[in-house]
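One file, data_19.tsv, carrying TSV, C-alpha atoms:
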chain	number	residue	atom	x	y	z
A	123	MET	CA	49.11	-128.13	158.51
A	124	ASN	CA	48.01	-129.46	155.12
A	125	ALA	CA	50.30	-132.08	153.54
A	126	LEU	CA	50.41	-133.09	149.90
A	127	VAL	CA	51.80	-136.50	148.97
A	128	LEU	CA	53.06	-135.94	145.43
A	129	ALA	CA	53.87	-138.75	142.99
A	130	ILE	CA	56.18	-137.64	140.18
A	131	ASP	CA	56.40	-139.05	136.65
A	132	ARG	CA	58.98	-136.87	134.93
A	133	ASP	CA	59.01	-138.70	131.57
A	134	ASP	CA	55.20	-138.97	131.32
A	135	ASP	CA	54.89	-142.75	131.16
A	136	PHE	CA	51.28	-142.35	132.30
A	137	GLY	CA	50.42	-140.24	129.29
A	138	GLU	CA	52.45	-142.20	126.73
A	139	LYS	CA	51.44	-145.71	127.82
A	140	ALA	CA	48.11	-145.36	129.61
A	141	GLY	CA	46.66	-142.14	128.19
A	142	VAL	CA	46.45	-140.51	131.63
A	143	LYS	CA	46.84	-136.74	131.59
A	144	GLY	CA	48.19	-134.97	134.64
A	145	PRO	CA	47.61	-133.62	137.11
A	146	VAL	CA	45.64	-136.36	138.86
A	147	ILE	CA	44.28	-135.44	142.30
A	148	GLY	CA	42.65	-137.65	144.89
A	149	ARG	CA	42.98	-141.21	146.15
A	150	GLU	CA	40.51	-142.80	143.76
A	151	ALA	CA	41.74	-140.95	140.69
A	152	CYS	CA	45.36	-141.79	141.44
A	153	THR	CA	44.54	-145.45	142.06
A	154	ASN	CA	42.70	-145.68	138.74
A	155	ALA	CA	45.61	-144.02	136.95
A	156	ALA	CA	48.09	-146.48	138.48
A	157	LEU	CA	45.84	-149.39	137.53
A	158	LYS	CA	45.72	-148.23	133.89
A	159	LEU	CA	49.50	-148.00	133.72
A	160	SER	CA	49.92	-151.41	135.39
A	161	LEU	CA	47.66	-152.99	132.76
A	162	ALA	CA	49.44	-151.14	129.93
A	163	ASP	CA	52.97	-151.96	131.15
A	164	PRO	CA	53.25	-154.22	134.21
A	165	GLU	CA	57.02	-153.69	134.34
A	166	ASP	CA	56.85	-149.89	134.68
A	167	SER	CA	57.82	-148.78	138.19
A	168	ASP	CA	55.89	-145.49	137.97
A	169	ALA	CA	52.68	-147.34	138.81
A	170	ASN	CA	54.28	-148.53	142.05
A	171	VAL	CA	55.17	-144.92	142.83
A	172	VAL	CA	51.53	-143.92	142.71
A	173	TYR	CA	50.48	-146.95	144.76
A	174	ALA	CA	53.12	-146.04	147.35
A	175	ALA	CA	51.92	-142.42	147.40
A	176	VAL	CA	48.29	-143.50	147.97
A	177	LYS	CA	49.37	-145.84	150.78
A	178	LEU	CA	51.53	-143.15	152.41
A	179	ALA	CA	48.66	-140.65	152.29
A	180	SER	CA	46.32	-143.17	153.96
A	181	GLU	CA	48.86	-143.85	156.71
A	182	LEU	CA	49.31	-140.13	157.38
A	183	ARG	CA	45.56	-139.64	157.64
A	184	GLU	CA	45.30	-142.47	160.16
A	185	LYS	CA	48.13	-141.09	162.30
A	186	GLY	CA	46.56	-137.62	162.38
A	187	ASP	CA	49.88	-135.78	162.19
A	188	PHE	CA	48.40	-133.29	159.69
A	189	ASP	CA	45.11	-131.42	159.47
A	190	GLU	CA	44.47	-132.57	155.91
A	191	VAL	CA	46.33	-134.98	153.63
A	192	GLU	CA	45.88	-135.25	149.89
A	193	VAL	CA	47.56	-137.34	147.22
A	194	ALA	CA	48.27	-136.20	143.65
A	195	LEU	CA	50.17	-137.24	140.54
A	196	ILE	CA	51.96	-134.86	138.18
A	197	THR	CA	53.39	-135.92	134.82
A	198	GLY	CA	56.06	-134.30	132.67
A	199	HIS	CA	57.03	-134.89	129.04
A	200	PRO	CA	58.79	-137.71	127.17
A	201	LYS	CA	61.60	-135.27	126.32
A	202	VAL	CA	63.09	-135.13	129.78
A	203	GLY	CA	64.65	-131.77	130.48
A	204	ILE	CA	63.41	-128.20	130.31
A	205	LYS	CA	60.18	-129.12	128.54
A	206	SER	CA	59.21	-131.76	131.09
A	207	ASP	CA	60.17	-129.58	134.06
A	208	VAL	CA	58.05	-126.67	132.77
A	209	GLU	CA	55.10	-129.03	132.44
A	210	LEU	CA	55.64	-130.41	135.95
A	211	SER	CA	55.82	-126.88	137.35
A	212	ARG	CA	52.54	-125.95	135.61
A	213	GLN	CA	50.76	-129.04	136.91
A	214	LEU	CA	52.05	-128.45	140.44
A	215	ASP	CA	50.57	-124.95	140.36
A	216	SER	CA	47.23	-126.46	139.36
A	217	VAL	CA	47.37	-128.94	142.23
A	218	LEU	CA	48.24	-126.23	144.77
A	219	LYS	CA	45.32	-124.10	143.57
A	220	GLU	CA	42.89	-126.96	144.26
A	221	PHE	CA	44.63	-128.11	147.44
A	222	PRO	CA	46.66	-125.31	149.10
A	223	ALA	CA	49.27	-127.45	150.85
A	224	ASP	CA	51.64	-126.17	153.52
A	225	GLY	CA	54.17	-128.88	152.74
A	226	VAL	CA	54.89	-131.59	150.15
A	227	ILE	CA	56.12	-135.17	150.45
A	228	PRO	CA	57.48	-136.17	147.02
A	229	VAL	CA	57.39	-139.88	146.12
A	230	THR	CA	59.78	-141.02	143.35
A	231	ASP	CA	61.40	-144.18	142.01
A	232	GLY	CA	64.88	-142.88	141.25
A	233	ALA	CA	67.35	-140.06	140.92
A	234	GLU	CA	65.89	-138.66	137.69
A	235	ASP	CA	62.53	-137.67	139.20
A	236	GLU	CA	64.30	-136.10	142.16
A	237	GLN	CA	65.84	-133.50	139.86
A	238	ILE	CA	62.67	-131.39	140.14
A	239	PHE	CA	62.96	-130.98	143.92
A	240	PRO	CA	64.26	-127.39	143.48
A	241	ILE	CA	61.12	-126.58	141.45
A	242	ILE	CA	58.93	-127.90	144.25
A	243	THR	CA	60.77	-126.01	146.99
A	244	SER	CA	60.38	-122.78	145.02
A	245	LYS	CA	56.61	-123.11	145.48
A	246	VAL	CA	56.09	-124.99	148.76
A	247	PRO	CA	58.40	-126.52	151.40
A	248	ILE	CA	59.31	-130.20	151.20
A	249	ILE	CA	58.45	-131.93	154.49
A	250	SER	CA	60.10	-135.23	153.60
A	251	SER	CA	60.79	-137.40	150.58
A	252	HIS	CA	60.10	-141.05	149.85
A	253	ARG	CA	61.81	-143.23	147.24
A	254	VAL	CA	60.14	-146.40	146.03
A	255	VAL	CA	62.52	-149.34	145.58
A	256	VAL	CA	61.09	-151.95	143.22
A	257	LYS	CA	62.86	-155.30	143.69
A	258	GLN	CA	66.54	-154.51	143.10
A	259	SER	CA	65.80	-151.84	140.47
A	260	GLU	CA	67.08	-148.82	142.42
A	261	SER	CA	70.78	-149.37	141.82
A	262	ILE	CA	70.20	-150.28	138.18
A	263	GLU	CA	68.12	-147.19	137.50
A	264	THR	CA	70.49	-144.90	139.39
A	265	THR	CA	73.49	-146.26	137.49
A	266	TYR	CA	71.64	-145.91	134.19
A	267	TYR	CA	70.66	-142.34	135.03
A	268	ILE	CA	74.21	-141.37	135.98
A	269	LEU	CA	75.65	-142.85	132.79
A	270	TYR	CA	72.93	-141.26	130.69
A	271	ARG	CA	73.42	-137.85	132.28
A	272	TYR	CA	77.20	-137.81	131.87
A	273	LEU	CA	76.98	-139.09	128.30
A	274	ARG	CA	74.55	-136.32	127.48
A	275	GLU	CA	76.83	-133.71	129.06
A	276	ILE	CA	79.82	-135.07	127.15
A	277	LEU	CA	77.98	-134.87	123.83
A	278	SER	CA	76.87	-131.29	124.55
A	279	ASP	CA	80.36	-130.13	125.64
A	280	PRO	CA	82.73	-129.78	122.65
A	281	ASP	CA	85.89	-129.95	124.76
A	282	ALA	CA	84.81	-133.09	126.61
A	283	ALA	CA	83.61	-134.71	123.38
A	284	LYS	CA	87.04	-134.18	121.82
A	285	VAL	CA	88.70	-136.18	124.60
A	286	VAL	CA	86.10	-138.89	125.20
A	287	LEU	CA	84.99	-139.42	121.59
A	288	GLY	CA	87.46	-137.59	119.36
A	289	ILE	CA	90.70	-139.22	120.52
A	290	PRO	CA	89.37	-142.81	120.51
A	291	GLY	CA	87.78	-142.11	117.13
A	292	MET	CA	91.10	-140.87	115.74
A	293	ILE	CA	92.91	-143.96	117.05
A	294	LEU	CA	90.37	-146.30	115.49
A	295	LEU	CA	90.51	-144.37	112.22
A	296	LEU	CA	94.30	-144.57	111.99
A	297	TYR	CA	94.35	-148.26	112.86
A	298	GLY	CA	91.63	-148.88	110.28
A	299	ILE	CA	93.74	-147.17	107.62
A	300	ALA	CA	96.77	-149.21	108.71
A	301	ARG	CA	94.79	-152.44	108.36
A	302	LEU	CA	93.67	-151.51	104.85
A	303	VAL	CA	97.22	-150.61	103.83
A	304	GLY	CA	98.38	-153.93	105.28
A	305	VAL	CA	95.87	-155.77	103.13
A	306	TRP	CA	97.06	-154.03	99.98
A	307	TYR	CA	100.76	-154.19	100.85
A	308	PRO	CA	101.36	-157.22	103.12
A	309	ASN	CA	105.13	-156.68	103.21
A	310	SER	CA	104.76	-153.27	104.84
A	311	VAL	CA	102.57	-154.34	107.76
A	312	LYS	CA	105.25	-153.86	110.44
A	313	LEU	CA	106.40	-150.53	109.02
A	314	VAL	CA	102.86	-149.16	108.74
A	315	SER	CA	101.96	-150.41	112.23
A	316	ALA	CA	105.03	-148.74	113.75
A	317	ALA	CA	104.30	-145.50	111.87
A	318	VAL	CA	100.67	-145.44	112.98
A	319	THR	CA	101.63	-146.15	116.59
A	320	GLY	CA	104.18	-143.34	116.50
A	321	VAL	CA	101.68	-140.89	115.02
A	322	ILE	CA	99.05	-141.80	117.63
A	323	LEU	CA	101.48	-141.41	120.52
A	324	LEU	CA	102.72	-138.11	119.10
A	325	LEU	CA	99.24	-136.65	118.63
A	326	VAL	CA	97.75	-137.92	121.89
A	327	GLY	CA	100.83	-137.01	123.90
A	328	GLY	CA	100.96	-133.56	122.33
A	329	TYR	CA	97.28	-132.97	123.02
A	330	PHE	CA	97.56	-134.02	126.68
A	331	PHE	CA	100.75	-131.96	127.07
A	332	ILE	CA	99.07	-128.84	125.68
A	333	LYS	CA	95.95	-129.33	127.81
A	334	GLY	CA	97.94	-130.23	130.92
A	335	PHE	CA	100.06	-127.07	130.77
A	336	ARG	CA	97.10	-125.04	129.44
A	337	PHE	CA	98.86	-123.90	126.28
A	338	ASN	CA	96.81	-121.83	123.88
A	339	ILE	CA	98.68	-122.24	120.59
A	340	ARG	CA	96.92	-119.36	118.84
A	341	GLU	CA	97.52	-117.00	121.73
A	342	VAL	CA	101.16	-118.03	122.05
A	343	LEU	CA	101.83	-117.55	118.33
A	344	SER	CA	100.05	-114.20	118.22
A	345	LYS	CA	101.56	-112.71	121.38
A	346	GLN	CA	104.94	-114.48	121.69
A	347	PHE	CA	105.92	-115.32	118.12
A	348	ILE	CA	109.51	-114.12	118.50
A	349	PHE	CA	110.00	-116.20	121.62
A	350	VAL	CA	108.53	-119.28	119.90
A	351	VAL	CA	110.97	-118.83	117.00
A	352	SER	CA	113.87	-118.50	119.44
A	353	VAL	CA	112.80	-121.67	121.25
A	354	VAL	CA	112.69	-123.59	117.98
A	355	ALA	CA	116.10	-122.20	116.99
A	356	GLY	CA	117.58	-123.03	120.38
A	357	LEU	CA	116.26	-126.60	120.29
A	358	LEU	CA	117.68	-127.07	116.79
A	359	ILE	CA	121.08	-125.84	117.96
A	360	ILE	CA	121.06	-128.18	120.95
A	361	THR	CA	119.87	-131.11	118.83
A	362	GLY	CA	122.49	-130.45	116.17
A	363	GLY	CA	125.19	-130.17	118.80
A	364	ALA	CA	124.08	-133.42	120.43
A	365	ILE	CA	124.22	-135.28	117.12
A	366	ASN	CA	127.58	-133.79	116.23
A	367	ALA	CA	129.01	-134.64	119.65
A	368	TYR	CA	127.82	-138.22	119.24
A	369	PHE	CA	129.51	-138.73	115.87
A	370	SER	CA	132.67	-136.84	116.90
A	371	LEU	CA	133.00	-138.50	120.28
A	372	GLU	CA	136.17	-140.45	119.45
A	373	ILE	CA	137.93	-137.41	117.91
A	374	TYR	CA	136.94	-135.26	120.87
A	375	ALA	CA	138.11	-137.92	123.32
A	376	GLU	CA	141.54	-138.11	121.67
A	377	SER	CA	141.87	-134.31	121.86
A	378	ILE	CA	141.08	-134.32	125.59
A	379	LEU	CA	142.47	-137.62	126.83
A	380	GLY	CA	144.88	-138.49	124.04
A	381	ARG	CA	143.19	-141.88	123.77
A	382	LEU	CA	139.82	-143.52	123.28
A	383	PRO	CA	137.50	-143.68	126.30
A	384	GLY	CA	137.74	-147.10	127.94
A	385	THR	CA	134.54	-147.15	130.04
A	386	PRO	CA	130.91	-146.16	129.40
A	387	LEU	CA	131.06	-143.64	132.26
A	388	LEU	CA	134.01	-141.93	130.69
A	389	GLN	CA	132.17	-141.79	127.36
A	390	VAL	CA	129.21	-140.11	129.06
A	391	LEU	CA	131.44	-137.51	130.71
A	392	ILE	CA	133.19	-136.72	127.43
A	393	TYR	CA	129.82	-136.47	125.68
A	394	ILE	CA	128.49	-134.03	128.30
A	395	ASN	CA	131.65	-131.94	127.98
A	396	ALA	CA	131.34	-131.85	124.19
A	397	LEU	CA	127.65	-130.96	124.45
A	398	GLY	CA	128.31	-128.08	126.87
A	399	ALA	CA	129.01	-125.42	124.25
A	400	PRO	CA	126.00	-126.07	121.95
A	401	PHE	CA	123.77	-126.47	125.00
A	402	VAL	CA	124.79	-123.07	126.37
A	403	VAL	CA	124.47	-121.46	122.94
A	404	GLY	CA	120.97	-122.94	122.45
A	405	ILE	CA	119.79	-121.74	125.85
A	406	SER	CA	121.29	-118.32	125.12
A	407	VAL	CA	119.33	-118.08	121.87
A	408	VAL	CA	116.09	-118.89	123.75
A	409	ILE	CA	116.81	-116.24	126.39
A	410	LEU	CA	117.79	-113.73	123.69
A	411	GLY	CA	114.40	-114.26	122.05
A	412	ARG	CA	112.74	-113.65	125.39
A	413	ILE	CA	114.71	-110.41	125.79
A	414	VAL	CA	113.69	-109.14	122.34
A	415	GLN	CA	110.07	-110.07	123.08
A	416	ALA	CA	110.20	-108.28	126.43
A	417	TYR	CA	111.74	-105.15	124.90
A	418	LEU	CA	109.12	-104.90	122.16
A	419	ARG	CA	106.27	-105.43	124.63
A	420	LYS	CA	107.81	-103.19	127.32
A	421	ASP	CA	107.93	-106.04	129.83
A	422	VAL	CA	109.43	-104.91	133.14
A	423	HIS	CA	110.97	-108.35	133.68
A	424	ILE	CA	113.51	-107.76	130.92
A	425	TRP	CA	116.19	-107.13	133.57
A	426	TYR	CA	115.76	-110.72	134.76
A	427	TYR	CA	116.19	-112.15	131.25
A	428	VAL	CA	119.30	-110.04	130.63
A	429	SER	CA	120.83	-111.26	133.89
A	430	ALA	CA	120.06	-114.85	132.90
A	431	LEU	CA	121.77	-114.36	129.52
A	432	LEU	CA	124.87	-112.91	131.16
A	433	THR	CA	125.21	-115.97	133.42
A	434	MET	CA	125.53	-118.32	130.44
A	435	PRO	CA	129.38	-118.09	130.29
A	436	ALA	CA	129.50	-119.09	133.96
A	437	LEU	CA	127.27	-122.08	133.16
A	438	TRP	CA	129.57	-123.19	130.34
A	439	VAL	CA	132.63	-122.89	132.61
A	440	THR	CA	130.85	-124.93	135.29
A	441	ILE	CA	130.00	-127.74	132.84
A	442	ASP	CA	133.54	-127.79	131.45
A	443	LEU	CA	135.30	-127.79	134.83
A	444	THR	CA	133.06	-130.36	136.53
A	445	THR	CA	133.25	-132.85	133.65
A	446	ARG	CA	137.02	-132.49	133.30
A	447	TYR	CA	137.42	-132.86	137.07
A	448	ALA	CA	135.25	-136.00	136.99
A	449	MET	CA	137.50	-137.40	134.24
A	450	ALA	CA	140.52	-136.72	136.49
A	451	ILE	CA	142.08	-134.49	133.83
A	452	LEU	CA	142.60	-131.59	136.21
A	453	THR	CA	142.48	-130.69	139.88
A	454	PHE	CA	141.17	-127.59	141.58
A	455	SER	CA	144.70	-126.63	142.56
A	456	ASP	CA	145.62	-125.90	138.93
A	457	ILE	CA	146.07	-122.25	138.09
A	458	ASN	CA	143.85	-122.57	135.01
A	459	VAL	CA	141.03	-123.95	137.12
A	460	PHE	CA	141.41	-121.13	139.62
A	461	THR	CA	141.35	-118.57	136.80
A	462	LYS	CA	138.18	-120.03	135.28
A	463	VAL	CA	136.46	-120.13	138.68
A	464	ILE	CA	137.29	-116.44	139.20
A	465	ILE	CA	135.96	-115.64	135.73
A	466	ALA	CA	132.71	-117.51	136.46
A	467	ILE	CA	132.24	-115.72	139.80
A	468	ALA	CA	132.97	-112.37	138.17
A	469	ASP	CA	130.47	-113.15	135.43
A	470	ILE	CA	127.77	-113.94	138.00
A	471	GLY	CA	128.53	-110.74	139.91
A	472	PHE	CA	128.43	-108.71	136.71
A	473	SER	CA	125.07	-110.22	135.74
A	474	ILE	CA	123.63	-109.37	139.17
A	475	LEU	CA	124.81	-105.76	139.03
A	476	THR	CA	123.53	-105.38	135.48
A	477	GLY	CA	120.15	-106.79	136.48
A	478	MET	CA	119.90	-104.39	139.43
A	479	TYR	CA	120.78	-101.45	137.16
A	480	LEU	CA	118.25	-102.42	134.50
A	481	ARG	CA	115.55	-103.05	137.10
A	482	GLY	CA	115.73	-99.43	138.14
A	483	LYS	CA	115.71	-98.25	134.53
A	484	VAL	CA	112.59	-100.15	133.48
A	485	ARG	CA	110.36	-99.22	136.41
A	486	GLY	CA	108.72	-96.58	134.26
A	487	TRP	CA	107.51	-99.27	131.83
A	488	GLU	CA	104.86	-100.30	134.37
A	489	LYS	CA	103.28	-96.85	134.16
A	490	LEU	CA	103.42	-96.86	130.37
A	491	GLU	CA	101.79	-100.29	130.24
A	492	ALA	CA	99.11	-99.24	132.72
A	493	GLY	CA	98.41	-96.08	130.70
A	494	ALA	CA	98.14	-98.08	127.48
A	495	GLY	CA	95.74	-100.50	129.16
A	496	THR	CA	93.42	-97.68	130.29
Reformat the file's structure so that it appears as structure tokens.
Amino acid sequence: MNALVLAIDRDDDFGEKAGVKGPVIGREACTNAALKLSLADPEDSDANVVYAAVKLASELREKGDFDEVEVALITGHPKVGIKSDVELSRQLDSVLKEFPADGVIPVTDGAEDEQIFPIITSKVPIISSHRVVVKQSESIETTYYILYRYLREILSDPDAAKVVLGIPGMILLLYGIARLVGVWYPNSVKLVSAAVTGVILLLVGGYFFIKGFRFNIREVLSKQFIFVVSVVAGLLIITGGAINAYFSLEIYAESILGRLPGTPLLQVLIYINALGAPFVVGISVVILGRIVQAYLRKDVHIWYYVSALLTMPALWVTIDLTTRYAMAILTFSDINVFTKVIIAIADIGFSILTGMYLRGKVRGWEKLEAGAGT
């Protein structure tokens, strides 16, 4: 079995610093090449790689584990990447033509040179590999290579660049503007700082929220515009109802209790009771938008949305009864409570029956949608 001990210089330090062109084959030629690089740059570890390869080849010859052992050096290109790997592949072919090896033992000084191992294995098997550690430089070089590789991937990936570079850049830009405004208008420093902080939190939080739930705003607006409008309308109704309930809390408390609420817990219960109606109406508007969207797009799940809309009265009754019961205004033995409970149960039953009926009616929409898709 013929073994080739192969020293690898992926970034072509031999050519750039010492004027050595690869491939270099043979013990004497490789030693001379390493000596030239050592004189040109004593701190370059690639020279030690070649020295280690020559020493390893000599040891293998002495042991007699292989029929023939040869040592060679291949060099890449300063632009590490496709260009350097193509050059390394070409030089390896030249070496194998002169010395037809049955196996290769690559000798490197770090993770970067080891990236061409797949290229080597595509031409000849790798028997073993040897990494040269030069006085505490292995961890430093490996860390540098990892950081360099990930930084390069981030810069080449638009989505990753937006998060890693775009968001910090936006924050620095806004804070820079705030500092300039503070210089021009010293009295508004606190106001501007609070405004900038709020804008940053809003933008960053919104971006992470959209990415976390994988929202595609363009797709949502183009395919579910009606539902988006209903969501906005529903949120406005709920927000308006919440504000109105807050400012009308005392009036509403006097209408229910006949007096002002004396404890914070009682205030919360009255507020929830007052918010029940606008909350149910807002949710109903959202569901109604979903129903319209489903009808226009022939969505077979429309029966589910209709059933959900029909259960909204039962939800309002539940909120009203539970809050009034918590305020000790009524008991479940009252006839009015019993009547409302019956109405809520009947509403739920009616919504279930309606959903079952509609589910059977819209089964044909699946065939229509499948036909449209084909």
Practice problem: Extract, using only C-alpha atoms, all DNA, RNA and protein residues at most 10 Å from Ile238 (chain A), discarding same-chain residues fewer than 6 positions from it, and format them as number ranges by chain. | Solution: A: 130, 132, 203, 206-208, 210-211, 228
Could you save those same residues with C-alpha atoms as a CSV table (one decimal), in the frame of the given file?
chain,number,residue,atom,x,y,z
A,130,ILE,CA,56.2,-137.6,140.2
A,132,ARG,CA,59.0,-136.9,134.9
A,203,GLY,CA,64.6,-131.8,130.5
A,206,SER,CA,59.2,-131.8,131.1
A,207,ASP,CA,60.2,-129.6,134.1
A,208,VAL,CA,58.0,-126.7,132.8
A,210,LEU,CA,55.6,-130.4,136.0
A,211,SER,CA,55.8,-126.9,137.4
A,228,PRO,CA,57.5,-136.2,147.0
Exercise. Figure out the distance between CA of Val172 (chain A) and CA of Ser251 (chain A), please, to one decimal in Å.
Key: 13.8 Å
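When all atoms listed in the file are used to measure the gap to Ser352 (chain A), the shortest distance among A:Ile413, A:Leu325, A:Val226, A:Ile293 belongs to A:Ile413.
Residues in contact with Ala430 (chain A) at 10 Å, where all atoms listed in the file are counted and same-chain residues fewer than 6 positions away are skipped, are listed as Ile405, Ser406, Ile409, Leu410, Ile413, Ile424, Ile470, Ser473, Ile474 and Gly477 of chain A.
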Can you spit out the residues from that selection as an mmCIF file, keeping the file's coordinate frame, using C-alpha atoms?
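result.cif, freshly written:
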data_model
loop_
_atom_site.group_PDB
_atom_site.id
_atom_site.type_symbol
_atom_site.label_atom_id
_atom_site.label_comp_id
_atom_site.auth_asym_id
_atom_site.auth_seq_id
_atom_site.Cartn_x
_atom_site.Cartn_y
_atom_site.Cartn_z
ATOM 1 C CA ILE A 405 119.790 -121.740 125.850
ATOM 2 C CA SER A 406 121.290 -118.320 125.120
ATOM 3 C CA ILE A 409 116.810 -116.240 126.390
ATOM 4 C CA LEU A 410 117.790 -113.730 123.690
ATOM 5 C CA ILE A 413 114.710 -110.410 125.790
ATOM 6 C CA ILE A 424 113.510 -107.760 130.920
ATOM 7 C CA ILE A 470 127.770 -113.940 138.000
ATOM 8 C CA SER A 473 125.070 -110.220 135.740
ATOM 9 C CA ILE A 474 123.630 -109.370 139.170
ATOM 10 C CA GLY A 477 120.150 -106.790 136.480
#
Exercise. Would you mind telling me which residue in A:Ile248, A:Val403, A:Val146, A:Leu195 lies nearest to Val171 (chain A) when using only C-alpha atoms?
Key: A:Leu195
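Remark: for Leu432 (chain A), the closest of the candidate residues A:Gly471, A:Val463, A:Gly404, A:Met449 is A:Gly471 (distances computed over only C-alpha atoms).
Here the question is which of A:Val407, A:Val439, A:Val193, A:Ala175 gets nearest to Ala355 (chain A) using all atoms listed in the file, and that residue is A:Val407.
Minimum distance to Asp235 (chain A) across A:Ile394, A:Val285, A:Val202, A:Ala316 (counting all atoms listed in the file) occurs at A:Val202.
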Self-check item: Protein, DNA and RNA residues within 12 Å of (140.8, -123.2, 134.7), all atoms listed in the file, as JSON, numbers by chain
Solution: {"A": [439, 440, 441, 442, 443, 444, 446, 447, 451, 452, 453, 454, 455, 456, 457, 458, 459, 460, 461, 462, 463, 464, 465, 466]}
N, CA, C and O atoms restored at region 371-384 of chain A, emitted as a CSV table (one decimal), in the coordinates of the input:
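The resulting selection02.csv:
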chain,number,residue,atom,x,y,z
A,371,LEU,N,132.6,-138.2,118.9
A,371,LEU,CA,133.0,-138.5,120.3
A,371,LEU,C,134.4,-139.0,120.3
A,371,LEU,O,135.2,-138.6,121.2
A,372,GLU,N,134.8,-139.9,119.4
A,372,GLU,CA,136.2,-140.4,119.4
A,372,GLU,C,137.2,-139.4,119.2
A,372,GLU,O,138.3,-139.3,119.9
A,373,ILE,N,137.0,-138.5,118.2
A,373,ILE,CA,137.9,-137.4,117.9
A,373,ILE,C,138.0,-136.5,119.1
A,373,ILE,O,139.2,-136.1,119.5
A,374,TYR,N,136.9,-136.2,119.7
A,374,TYR,CA,136.9,-135.3,120.9
A,374,TYR,C,137.6,-135.9,122.1
A,374,TYR,O,138.4,-135.2,122.8
A,375,ALA,N,137.5,-137.2,122.2
A,375,ALA,CA,138.1,-137.9,123.3
A,375,ALA,C,139.6,-137.9,123.2
A,375,ALA,O,140.4,-137.7,124.1
A,376,GLU,N,140.1,-138.1,121.9
A,376,GLU,CA,141.5,-138.1,121.7
A,376,GLU,C,142.1,-136.7,121.9
A,376,GLU,O,143.3,-136.6,122.4
A,377,SER,N,141.4,-135.7,121.6
A,377,SER,CA,141.9,-134.3,121.9
A,377,SER,C,141.9,-134.0,123.3
A,377,SER,O,142.8,-133.2,123.8
A,378,ILE,N,141.1,-134.6,124.1
A,378,ILE,CA,141.1,-134.3,125.6
A,378,ILE,C,142.0,-135.3,126.3
A,378,ILE,O,142.8,-134.9,127.1
A,379,LEU,N,141.7,-136.6,126.1
A,379,LEU,CA,142.5,-137.6,126.8
A,379,LEU,C,143.7,-138.1,126.1
A,379,LEU,O,144.6,-138.7,126.7
A,380,GLY,N,143.8,-137.9,124.8
A,380,GLY,CA,144.9,-138.5,124.0
A,380,GLY,C,144.7,-140.0,123.7
A,380,GLY,O,145.6,-140.6,123.2
A,381,ARG,N,143.5,-140.5,124.0
A,381,ARG,CA,143.2,-141.9,123.8
A,381,ARG,C,141.7,-142.0,123.7
A,381,ARG,O,140.9,-141.1,124.0
A,382,LEU,N,141.2,-143.2,123.3
A,382,LEU,CA,139.8,-143.5,123.3
A,382,LEU,C,139.3,-143.8,124.7
A,382,LEU,O,140.0,-144.3,125.5
A,383,PRO,N,138.0,-143.4,125.0
A,383,PRO,CA,137.5,-143.7,126.3
A,383,PRO,C,137.3,-145.2,126.5
A,383,PRO,O,136.8,-145.9,125.7
A,384,GLY,N,137.8,-145.7,127.7
A,384,GLY,CA,137.7,-147.1,127.9
A,384,GLY,C,136.5,-147.6,128.7
A,384,GLY,O,136.2,-148.8,128.6
